[in-house]
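For reference, the structure is listed below as structure tokens.
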Amino acid sequence: MTTLQTVFAKAKADDRAALIGYLPAGFPSKEGGVTVAAAMVEAGCDVIEIGLPYSDPLMDGPTIQDAVHRALTNGTRIADVLRTVEGVARTGAATLVMTYWNPIDRYGAERFARDLANAGGVGTITPDLTPEEAGPWREASAAAGIDTVFLVAPSSTEARIQAVADSCTGFVYAASLMGVTGARDSVGEAAQGLVERTRPHTSLPVCVGLGVGTGRQAAEVAAYADGVIVGSAFIRRVLDAPDEASGLAAVRELGAELAAGVRG
């Protein structure tokens, strides 16, 4: 199993940022999700975030909402998410689950952490779980040997950044802008400032997500962040493709462009 620590150490040794790709489980199908994620890894992604489809996606923009809706229509459940993690982890990429808190809470925190670890997952990103309420999840994750990742935003105060950083073990997720996910013409200008504000509070890698969709943008972010997170742009390639083979080719093409970008 490849850990986040191994990934970031290797990227640092290569003098580059890590490339992190996001894809919901069950999209475009239960089997297809593993195939697309594997294509992302082949093209150069170091880490894959597998999204746990949820019916009330507060932070997701229209592209991810569309993909998540398809995943839910496909009947994707937590068991399918864990099977997806297992399949993707076999590629050698460090594999995380990105999920809202409610599904973990309903499944059982200790059970979810244990089952995720057994599937080869290395941790979770929980965008709506606050540091104040994260104690039981952090304990369950530590007991299972998986990492916890939380988010800082441009609006975060110094005290909030410190609290979030103290709750993280894998990396700190810096949301580049206020609002929902989605590729944009430019990455939020606040992203670099947020990374610079976060660094004094932690020795962990700081990774930027929300808005990155091209190799040029990946290169921009890689100049100041330890990791570049891309989700909607990959999903859009699959949504826009006339068939599965074309979608995989488009994903590989984008992955190669982004991988070249993080290598500057």
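Within each chain, counting starts at residue 1; across the structure tokens, chains are named A, B, ... in the order shown, with ligands numbered 1 upward in that order.
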Spatial neighbours of Gly44 in chain A, 7 Å, only C-alpha atoms, chain gap at least 3 places, as a ChimeraX atom specification: /A:40-41,255-256,259
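For Asp105 in chain A, the residues within 12 Å (counting only C-alpha atoms, excluding itself and residues fewer than 2 positions away along the chain) are Thr99, Tyr100, Trp101, Asn102, Pro103, Tyr107, Gly108, Ala109, Glu110, Arg111, Phe112, Ala113, Thr126, Leu129, Glu133, Ala134, Pro136, Trp137 and Ala140 of chain A.
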Nearest to Gly26 in chain A, chosen from A:Arg252, A:Arg236, A:Arg114, A:Arg83, with only C-alpha atoms counted in the distances: A:Arg83
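Proximity ranking of A:Ala245, A:Leu96, A:Ala190, A:Ala67 relative to Val152 in chain A places A:Ala190 first, based on only C-alpha atoms.
Summary of the local environment: counting only C-alpha atoms, residues at most 9 Å from range 143-148 of chain A, other than itself and those fewer than 5 positions away along its chain, are Leu4, Leu96, Glu110, Ala113, Arg114, Asp115, Leu116, Ala117, Asn118, Gly121, Val122, Gly123, Thr124, Ile125, Thr126, Trp137, Arg138, Ser167, Cys168, Thr169, Gly170 and Phe171 of chain A.
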Residue neighbourhood Pro28 in chain A, 8 Å, only C-alpha atoms, exclusion window fewer than 2 positions, as a PyMOL selection string: chain A and resi 26+30+32-33+67+70-71+238
Export of the given selection (N, CA, C and O atoms) as a short mmCIF file (atom, residue, chain, number, x, y, z; two decimals), in the first residue's frame:
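And here is the file that came out, out_14.cif:
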```cif
data_model
loop_
_atom_site.label_atom_id
_atom_site.label_comp_id
_atom_site.auth_asym_id
_atom_site.auth_seq_id
_atom_site.Cartn_x
_atom_site.Cartn_y
_atom_site.Cartn_z
N GLY A 26 -18.71 4.64 -8.64
CA GLY A 26 -19.95 4.36 -9.36
C GLY A 26 -20.16 5.18 -10.61
O GLY A 26 -21.21 5.08 -11.26
N LYS A 30 -20.21 1.23 -11.95
CA LYS A 30 -19.46 0.69 -10.81
C LYS A 30 -18.09 0.15 -11.25
O LYS A 30 -17.08 0.39 -10.60
N GLY A 32 -16.74 0.89 -14.28
CA GLY A 32 -16.09 1.96 -15.03
C GLY A 32 -15.33 2.94 -14.16
O GLY A 32 -14.34 3.54 -14.59
N GLY A 33 -15.79 3.12 -12.92
CA GLY A 33 -15.09 4.02 -12.01
C GLY A 33 -13.66 3.58 -11.76
O GLY A 33 -12.73 4.40 -11.75
N ALA A 67 -22.19 13.83 -12.03
CA ALA A 67 -21.54 12.53 -11.89
C ALA A 67 -22.06 11.76 -10.68
O ALA A 67 -22.31 10.55 -10.75
N ARG A 70 -25.46 10.33 -11.33
CA ARG A 70 -25.36 9.08 -12.12
C ARG A 70 -24.92 7.92 -11.24
O ARG A 70 -25.42 6.80 -11.39
N ALA A 71 -23.97 8.19 -10.33
CA ALA A 71 -23.49 7.13 -9.43
C ALA A 71 -24.63 6.62 -8.53
O ALA A 71 -24.79 5.41 -8.33
N VAL A 238 -15.20 12.69 -19.17
CA VAL A 238 -16.01 11.47 -19.26
C VAL A 238 -17.43 11.81 -19.67
O VAL A 238 -18.03 11.16 -20.53
#
```
In range 72-113 of chain A, DSSP alpha helix (DSSP H) residues written as a PyMOL selection string: chain A and resi 72-73+78-89+101-107+109-113
Residues within 12 Å of Ile235 in chain A, only C-alpha atoms, excluding chain neighbours under 2 positions, as an MDAnalysis selection string: chainID A and resid 21:25 27:28 33 36:37 40 51 61:68 70 181:183 213 230:233 237:241 247:248 250:252 254:255
